[in-house]
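Dropping query.pdb in here (PDB, C-alpha atoms):
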ATOM      1  CA  ASN A   1     -23.058  12.954  15.256
ATOM      2  CA  GLU A   2     -20.437  11.075  17.314
ATOM      3  CA  ASP A   3     -22.767   8.065  17.685
ATOM      4  CA  ASP A   4     -22.888   7.653  13.910
ATOM      5  CA  LYS A   5     -19.102   7.469  13.584
ATOM      6  CA  GLY A   6     -17.644   4.006  13.179
ATOM      7  CA  PRO A   7     -14.130   2.798  12.290
ATOM      8  CA  TYR A   8     -14.633   3.600   8.603
ATOM      9  CA  GLN A   9     -15.851   7.114   9.356
ATOM     10  CA  PHE A  10     -12.812   7.806  11.548
ATOM     11  CA  VAL A  11     -10.532   6.694   8.693
ATOM     12  CA  PHE A  12     -12.473   8.957   6.340
ATOM     13  CA  LEU A  13     -12.202  11.961   8.690
ATOM     14  CA  GLN A  14      -8.480  11.358   9.183
ATOM     15  CA  GLU A  15      -7.974  11.204   5.415
ATOM     16  CA  CYS A  16      -9.887  14.488   5.022
ATOM     17  CA  GLU A  17      -7.635  16.110   7.640
ATOM     18  CA  TYR A  18      -4.513  14.955   5.787
ATOM     19  CA  MET A  19      -5.911  16.214   2.488
ATOM     20  CA  ASN A  20      -6.968  19.576   3.918
ATOM     21  CA  ALA A  21      -3.549  20.135   5.517
ATOM     22  CA  LEU A  22      -1.809  19.407   2.215
ATOM     23  CA  LEU A  23      -4.158  21.562   0.125
ATOM     24  CA  TYR A  24      -3.900  24.452   2.606
ATOM     25  CA  GLU A  25      -0.107  24.422   2.392
ATOM     26  CA  MET A  26      -0.199  24.166  -1.417
ATOM     27  CA  VAL A  27      -2.616  27.102  -1.827
ATOM     28  CA  LYS A  28      -0.788  29.222   0.756
ATOM     29  CA  GLY A  29       2.620  28.589  -0.811
ATOM     30  CA  LEU A  30       1.432  29.214  -4.380
ATOM     31  CA  GLN A  31      -0.365  32.424  -3.414
ATOM     32  CA  GLU A  32       2.744  33.741  -1.660
ATOM     33  CA  LEU A  33       4.879  32.805  -4.661
ATOM     34  CA  GLN A  34       2.515  34.637  -6.989
ATOM     35  CA  LEU A  35       2.738  37.759  -4.820
ATOM     36  CA  GLY A  36       6.510  37.416  -4.832
ATOM     37  CA  PHE A  37       6.600  37.330  -8.646
ATOM     38  CA  LYS A  38       4.446  40.468  -8.700
ATOM     39  CA  GLY A  39       6.834  42.228  -6.333
ATOM     40  CA  GLU A  40       4.172  42.565  -3.643
ATOM     41  CA  LEU A  41       5.991  40.202  -1.258
ATOM     42  CA  THR A  42       9.680  39.729  -0.532
ATOM     43  CA  MET A  43      10.920  36.427  -1.955
ATOM     44  CA  SER A  44      11.951  34.152   0.905
ATOM     45  CA  GLU A  45      14.250  31.159   0.701
ATOM     46  CA  ASN A  46      11.234  28.812   0.872
ATOM     47  CA  MET A  47       9.555  30.674  -1.982
ATOM     48  CA  GLU A  48      12.704  30.455  -4.117
ATOM     49  CA  ASP A  49      12.992  26.734  -3.371
ATOM     50  CA  MET A  50       9.367  26.237  -4.408
ATOM     51  CA  ALA A  51       9.902  28.133  -7.652
ATOM     52  CA  LYS A  52      12.954  25.985  -8.468
ATOM     53  CA  CYS A  53      11.036  22.783  -7.709
ATOM     54  CA  LEU A  54       8.060  23.752  -9.859
ATOM     55  CA  TYR A  55      10.352  24.783 -12.722
ATOM     56  CA  SER A  56      12.167  21.425 -12.601
ATOM     57  CA  GLU A  57       8.947  19.390 -12.204
ATOM     58  CA  LYS A  58       9.795  18.336  -8.637
ATOM     59  CA  LEU A  59       7.707  18.397  -5.466
ATOM     60  CA  PRO A  60       8.390  21.241  -3.010
ATOM     61  CA  MET A  61       9.635  20.085   0.395
ATOM     62  CA  TRP A  62       6.440  20.867   2.332
ATOM     63  CA  TRP A  63       4.275  19.076  -0.205
ATOM     64  CA  VAL A  64       6.401  15.973   0.320
ATOM     65  CA  LYS A  65       6.227  16.244   4.125
ATOM     66  CA  LEU A  66       2.455  16.721   4.240
ATOM     67  CA  GLY A  67       1.658  14.537   1.266
ATOM     68  CA  PHE A  68       1.460  10.831   0.537
ATOM     69  CA  ALA A  69       4.352   8.503  -0.255
ATOM     70  CA  SER A  70       5.091   8.866  -3.965
ATOM     71  CA  THR A  71       7.933   8.772  -6.469
ATOM     72  CA  ARG A  72       5.885  10.429  -9.233
ATOM     73  CA  PRO A  73       7.073  13.569 -11.047
ATOM     74  CA  LEU A  74       5.050  16.714 -10.334
ATOM     75  CA  LYS A  75       2.589  16.467 -13.251
ATOM     76  CA  SER A  76       1.675  12.840 -12.565
ATOM     77  CA  TRP A  77       1.564  13.539  -8.815
ATOM     78  CA  ARG A  78      -0.969  16.344  -9.342
ATOM     79  CA  VAL A  79      -3.244  14.068 -11.392
ATOM     80  CA  ASN A  80      -3.007  11.433  -8.664
ATOM     81  CA  LEU A  81      -3.822  14.080  -6.030
ATOM     82  CA  GLN A  82      -6.983  15.016  -7.943
ATOM     83  CA  GLU A  83      -8.045  11.351  -8.048
ATOM     84  CA  ARG A  84      -7.491  11.037  -4.291
ATOM     85  CA  TYR A  85      -9.493  14.202  -3.705
ATOM     86  CA  GLN A  86     -12.322  12.900  -5.889
ATOM     87  CA  GLN A  87     -12.561   9.663  -3.901
ATOM     88  CA  LEU A  88     -12.878  11.631  -0.647
ATOM     89  CA  ASP A  89     -15.343  14.044  -2.246
ATOM     90  CA  ASP A  90     -17.554  11.149  -3.349
ATOM     91  CA  TRP A  91     -17.466   9.788   0.201
ATOM     92  CA  ILE A  92     -18.479  13.185   1.635
ATOM     93  CA  ASN A  93     -21.803  12.910  -0.212
ATOM     94  CA  ASP A  94     -22.718   9.841   1.875
ATOM     95  CA  PRO A  95     -20.335   9.768   4.876
ATOM     96  CA  LEU A  96     -22.191   7.128   6.910
ATOM     97  CA  ASN A  97     -21.723   4.531   4.182
ATOM     98  CA  ILE A  98     -18.373   3.514   2.753
ATOM     99  CA  PRO A  99     -17.994   3.522  -1.042
ATOM    100  CA  LYS A 100     -18.783   0.222  -2.737
ATOM    101  CA  VAL A 101     -15.083  -0.116  -3.577
ATOM    102  CA  VAL A 102     -12.297   1.837  -1.885
ATOM    103  CA  ASP A 103      -9.075   2.430  -3.801
ATOM    104  CA  ILE A 104      -6.638   2.036  -0.914
ATOM    105  CA  SER A 105      -3.723   3.173  -3.072
ATOM    106  CA  LYS A 106      -5.361   6.606  -2.966
ATOM    107  CA  LEU A 107      -5.391   6.848   0.839
ATOM    108  CA  PHE A 108      -2.707   8.653   2.840
ATOM    109  CA  ASN A 109      -2.740   5.787   5.338
ATOM    110  CA  PRO A 110      -4.024   2.583   3.675
ATOM    111  CA  GLN A 111      -3.186   0.478   6.744
ATOM    112  CA  SER A 112      -5.761   2.382   8.800
ATOM    113  CA  TYR A 113      -8.513   1.185   6.461
ATOM    114  CA  LEU A 114      -7.450  -2.438   6.875
ATOM    115  CA  THR A 115      -7.402  -1.911  10.651
ATOM    116  CA  ALA A 116     -10.960  -0.551  10.435
ATOM    117  CA  ILE A 117     -12.042  -3.807   8.785
ATOM    118  CA  LYS A 118     -10.695  -5.690  11.817
ATOM    119  CA  GLN A 119     -12.347  -3.248  14.231
ATOM    120  CA  ILE A 120     -15.744  -3.821  12.601
ATOM    121  CA  CYS A 121     -15.227  -7.563  13.004
ATOM    122  CA  CYS A 122     -14.401  -7.013  16.699
ATOM    123  CA  GLN A 123     -17.617  -5.074  17.214
ATOM    124  CA  ASN A 124     -19.790  -7.575  15.379
ATOM    125  CA  GLN A 125     -18.295 -10.774  16.785
ATOM    126  CA  GLY A 126     -16.818  -9.677  20.114
ATOM    127  CA  LEU A 127     -13.276 -10.750  19.193
ATOM    128  CA  GLU A 128      -9.924  -9.296  20.281
ATOM    129  CA  LEU A 129      -8.292  -6.974  17.754
ATOM    130  CA  ASP A 130      -4.752  -8.271  18.253
ATOM    131  CA  LYS A 131      -5.892 -11.822  17.471
ATOM    132  CA  LEU A 132      -7.313 -10.893  14.074
ATOM    133  CA  GLN A 133      -5.745 -10.612  10.662
ATOM    134  CA  VAL A 134      -7.048  -9.540   7.273
ATOM    135  CA  PHE A 135      -7.665 -12.255   4.712
ATOM    136  CA  THR A 136      -8.010 -11.407   1.038
ATOM    137  CA  GLU A 137      -9.861 -13.022  -1.827
ATOM    138  CA  VAL A 138      -9.475 -11.895  -5.418
ATOM    139  CA  THR A 139     -12.789 -11.431  -7.201
ATOM    140  CA  LYS A 140     -13.426 -11.641 -10.926
ATOM    141  CA  LYS A 141     -14.769  -8.098 -11.150
ATOM    142  CA  GLU A 142     -13.553  -4.608 -11.923
ATOM    143  CA  PRO A 143     -14.659  -1.713  -9.638
ATOM    144  CA  LYS A 144     -17.428  -0.625 -12.041
ATOM    145  CA  GLN A 145     -18.938  -4.115 -11.918
ATOM    146  CA  ILE A 146     -19.484  -4.046  -8.143
ATOM    147  CA  GLU A 147     -23.151  -3.316  -7.474
ATOM    148  CA  GLY A 148     -23.148  -2.810  -3.701
ATOM    149  CA  PRO A 149     -20.957  -2.784  -0.564
ATOM    150  CA  CYS A 150     -19.444  -6.038   0.656
ATOM    151  CA  LYS A 151     -21.693  -7.762   3.216
ATOM    152  CA  ASP A 152     -18.747  -9.257   5.099
ATOM    153  CA  GLY A 153     -15.588  -7.143   5.008
ATOM    154  CA  ALA A 154     -14.868  -4.581   2.313
ATOM    155  CA  TYR A 155     -14.054  -4.398  -1.383
ATOM    156  CA  VAL A 156     -10.758  -2.707  -2.231
ATOM    157  CA  SER A 157      -8.926  -1.844  -5.422
ATOM    158  CA  GLY A 158      -5.650  -0.089  -6.173
ATOM    159  CA  MET A 159      -3.343  -3.100  -5.928
ATOM    160  CA  PHE A 160      -0.858  -3.900  -8.672
ATOM    161  CA  LEU A 161       1.429  -6.726  -9.678
ATOM    162  CA  GLU A 162       4.982  -6.234 -10.892
ATOM    163  CA  GLY A 163       6.431  -8.789 -13.289
ATOM    164  CA  ALA A 164       3.230 -10.876 -13.267
ATOM    165  CA  ARG A 165      -0.483 -10.568 -14.012
ATOM    166  CA  TRP A 166      -3.715 -11.953 -12.618
ATOM    167  CA  ASP A 167      -5.705 -14.168 -14.951
ATOM    168  CA  MET A 168      -9.408 -13.732 -14.097
ATOM    169  CA  THR A 169     -10.376 -16.813 -16.084
ATOM    170  CA  SER A 170      -8.190 -19.225 -14.140
ATOM    171  CA  ASN A 171      -8.189 -17.018 -11.020
ATOM    172  CA  SER A 172      -4.434 -17.376 -10.664
ATOM    173  CA  LEU A 173      -1.095 -15.648 -11.159
ATOM    174  CA  GLU A 174       0.358 -15.864 -14.655
ATOM    175  CA  ASP A 175       3.476 -14.592 -16.404
ATOM    176  CA  SER A 176       3.210 -10.983 -17.464
ATOM    177  CA  LYS A 177       2.734 -10.145 -21.118
ATOM    178  CA  PRO A 178       5.623  -8.679 -23.159
ATOM    179  CA  LYS A 179       6.454  -5.044 -22.296
ATOM    180  CA  GLU A 180       3.925  -5.114 -19.442
ATOM    181  CA  MET A 181       5.745  -4.359 -16.185
ATOM    182  CA  PHE A 182       2.788  -3.475 -13.944
ATOM    183  CA  THR A 183      -0.768  -4.818 -14.070
ATOM    184  CA  ALA A 184      -3.794  -3.855 -11.968
ATOM    185  CA  MET A 185      -5.463  -6.483  -9.809
ATOM    186  CA  PRO A 186      -9.233  -7.005  -9.942
ATOM    187  CA  VAL A 187     -11.324  -5.955  -6.940
ATOM    188  CA  ILE A 188     -10.208  -7.748  -3.784
ATOM    189  CA  THR A 189     -12.433  -8.735  -0.882
ATOM    190  CA  CYS A 190     -10.804  -8.037   2.491
ATOM    191  CA  LYS A 191     -12.232  -9.872   5.503
ATOM    192  CA  ALA A 192     -11.060 -10.036   9.097
ATOM    193  CA  GLY A 193     -10.684 -13.390  10.823
ATOM    194  CA  MET A 194      -8.845 -15.120  13.617
ATOM    195  CA  ALA A 195      -5.115 -15.341  12.995
ATOM    196  CA  THR A 196      -3.929 -18.910  12.706
ATOM    197  CA  GLU A 197      -0.465 -20.358  13.212
ATOM    198  CA  LYS A 198      -1.301 -23.351  11.086
ATOM    199  CA  ALA A 199       0.191 -23.057   7.602
ATOM    200  CA  ASP A 200      -2.267 -23.314   4.731
ATOM    201  CA  LYS A 201      -0.714 -24.387   1.438
ATOM    202  CA  ASN A 202      -3.501 -22.591  -0.449
ATOM    203  CA  ILE A 203      -2.732 -19.183   1.111
ATOM    204  CA  TYR A 204       0.082 -16.947  -0.095
ATOM    205  CA  ILE A 205       1.387 -14.616   2.625
ATOM    206  CA  CYS A 206       2.395 -11.160   1.385
TER     207      CYS A 206
END
Please go through the file and, once you have read it, give me the structure as structure tokens.
Amino acid sequence: NEDDKGPYQFVFLQECEYMNALLYEMVKGLQELQLGFKGELTMSENMEDMAKCLYSEKLPMWWVKLGFASTRPLKSWRVNLQERYQQLDDWINDPLNIPKVVDISKLFNPQSYLTAIKQICCQNQGLELDKLQVFTEVTKKEPKQIEGPCKDGAYVSGMFLEGARWDMTSNSLEDSKPKEMFTAMPVITCKAGMATEKADKNIYIC
């Protein structure tokens, strides 16, 4: 029902379209390659390129074009693809409600989700979209500890720190531990609010 679709639902549908386009190309290409190996289909240049990529653990060209930004090798990329698919599949079961926590690192277009947060604020408060920005607040919880959707804004995960870590006890940035290059952030609350030109010493712009 079109009336039931809000900003979050449009993001969800767009993500499903991206995923379906990628999966269709992957299945089609792999099926053709399999027929080529059996001698039932003439091997084309694209099929040979795909075979070389798969053999060397690299992503075929069309998978890169239709896929999400990533520097992962093929095996790790496939695992990540399955996790992205699972998040969308969970959302399909209850499309009118967003998940309690959305892992924005597993979206094709994470920015669209942040824009949806601003659009909801526009609808609820009658504000202008171009005068809003997204403010973040780091919680002291992991995704599994979140019991329900955020009442004002949205809970997101999937953000990482490089060369530092977040201390949940002091609620602040700390030096990273030895041999620990990347660390996951706790759940973050994203809220939309009026953009301000006044500098706030307690806010870090990133």
Would you work out the distance separating atom CA of A:Leu13 from atom CA of A:Leu66, expressed in Å to one decimal?
16.0 Å
Expanded to explicit residues, what is the PyMOL selection byres ((chain A and resi 176-182) around 7) for this file, as a ChimeraX atom specification?
/A:160-165,174-175,183-184
4 Å per side around stretch 142-161 of chain A: axis-aligned box centre and edge lengths, as AutoDock Vina command-line options:
--center_x -10.9 --center_y -4.7 --center_z -3.5 --size_x 32.6 --size_y 17.2 --size_z 25.1
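Selection check: the PyMOL selection byres ((chain A and resi 94-98) around 10) on the shown file gives Asp4, Lys5, Gly6, Tyr8, Gln9, Phe12, Leu13, Leu88, Asp89, Asp90, Trp91, Ile92, Asn93, Pro99, Lys100, Val101, Val102, Pro149, Cys150, Ala154 and Tyr155 of chain A.
Minimum atom-to-atom distance to A:Thr136, evaluated using only C-alpha atoms, belongs to A:Ser157 out of A:Ser157, A:Gln34, A:Asn46, A:Ser112.
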Near A:Ile188, counting only C-alpha atoms, which residues have an atom at most 6 Å away, once you skip same-chain residues fewer than 5 positions from it, shown as an mmCIF file with C-alpha atoms, in the coordinates of the input?
data_model
loop_
_atom_site.group_PDB
_atom_site.id
_atom_site.type_symbol
_atom_site.label_atom_id
_atom_site.label_comp_id
_atom_site.auth_asym_id
_atom_site.auth_seq_id
_atom_site.Cartn_x
_atom_site.Cartn_y
_atom_site.Cartn_z
ATOM 1 C CA GLU A 137 -9.861 -13.022 -1.827
ATOM 2 C CA VAL A 138 -9.475 -11.895 -5.418
ATOM 3 C CA THR A 139 -12.789 -11.431 -7.201
ATOM 4 C CA TYR A 155 -14.054 -4.398 -1.383
ATOM 5 C CA VAL A 156 -10.758 -2.707 -2.231
#
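Candidate residues A:Leu132, A:Met50, A:Leu114, A:Tyr18 were compared for distance to A:Arg84, and the nearest is A:Tyr18, using only C-alpha atoms.
Across A:Gln123, A:Ser70, A:Gln133, A:Ser170, the tightest approach to A:Lys106 is made by A:Ser70 when counting all atoms listed in the file.
Straight-line separation from atom CA of A:Asn20 to atom CA of A:Asp103: 18.9 Å.
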Stretch 52-62 of chain A: which residues within 9 Å, counting all atoms listed in the file, same-chain residues fewer than 2 positions away excluded, as an MDAnalysis selection string?
chainID A and resid 22 25:26 46:50 64:67 72:75 77
Create the file for the chosen residues now, containing C-alpha atoms and written as a compact mmCIF listing (two decimals), keeping the file's coordinate frame.
# COMPACT_ATOMS: atom_id res chain seq x y z
CA LEU A 22 -1.81 19.41 2.22
CA GLU A 25 -0.11 24.42 2.39
CA MET A 26 -0.20 24.17 -1.42
CA ASN A 46 11.23 28.81 0.87
CA MET A 47 9.56 30.67 -1.98
CA GLU A 48 12.70 30.46 -4.12
CA ASP A 49 12.99 26.73 -3.37
CA MET A 50 9.37 26.24 -4.41
CA VAL A 64 6.40 15.97 0.32
CA LYS A 65 6.23 16.24 4.12
CA LEU A 66 2.46 16.72 4.24
CA GLY A 67 1.66 14.54 1.27
CA ARG A 72 5.88 10.43 -9.23
CA PRO A 73 7.07 13.57 -11.05
CA LEU A 74 5.05 16.71 -10.33
CA LYS A 75 2.59 16.47 -13.25
CA TRP A 77 1.56 13.54 -8.82
So which residues get picked by the PyMOL selection byres ((chain A and resi 152) around 9) here, written as a VMD selection string?
chain A and resid 121 149 to 151 153 to 154 189 to 192
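Relative to atom CA of A:Val27, atom CA of A:Tyr113 is found at 27.8 Å.
Taking only C-alpha atoms into account, A:Pro7 lies nearest to A:Ala116 out of the set A:Met43, A:Ala116, A:Leu127, A:Met159.
Nearest residue to A:Lys144, choosing from A:Pro186, A:Gly126, A:Gly193, A:Gly29 and counting all atoms listed in the file: A:Pro186.
Among the candidate residues A:Gly39, A:Gly158, A:Tyr85, A:Arg78, the one lying nearest to A:Pro110 is A:Gly158, with distances computed using only C-alpha atoms.
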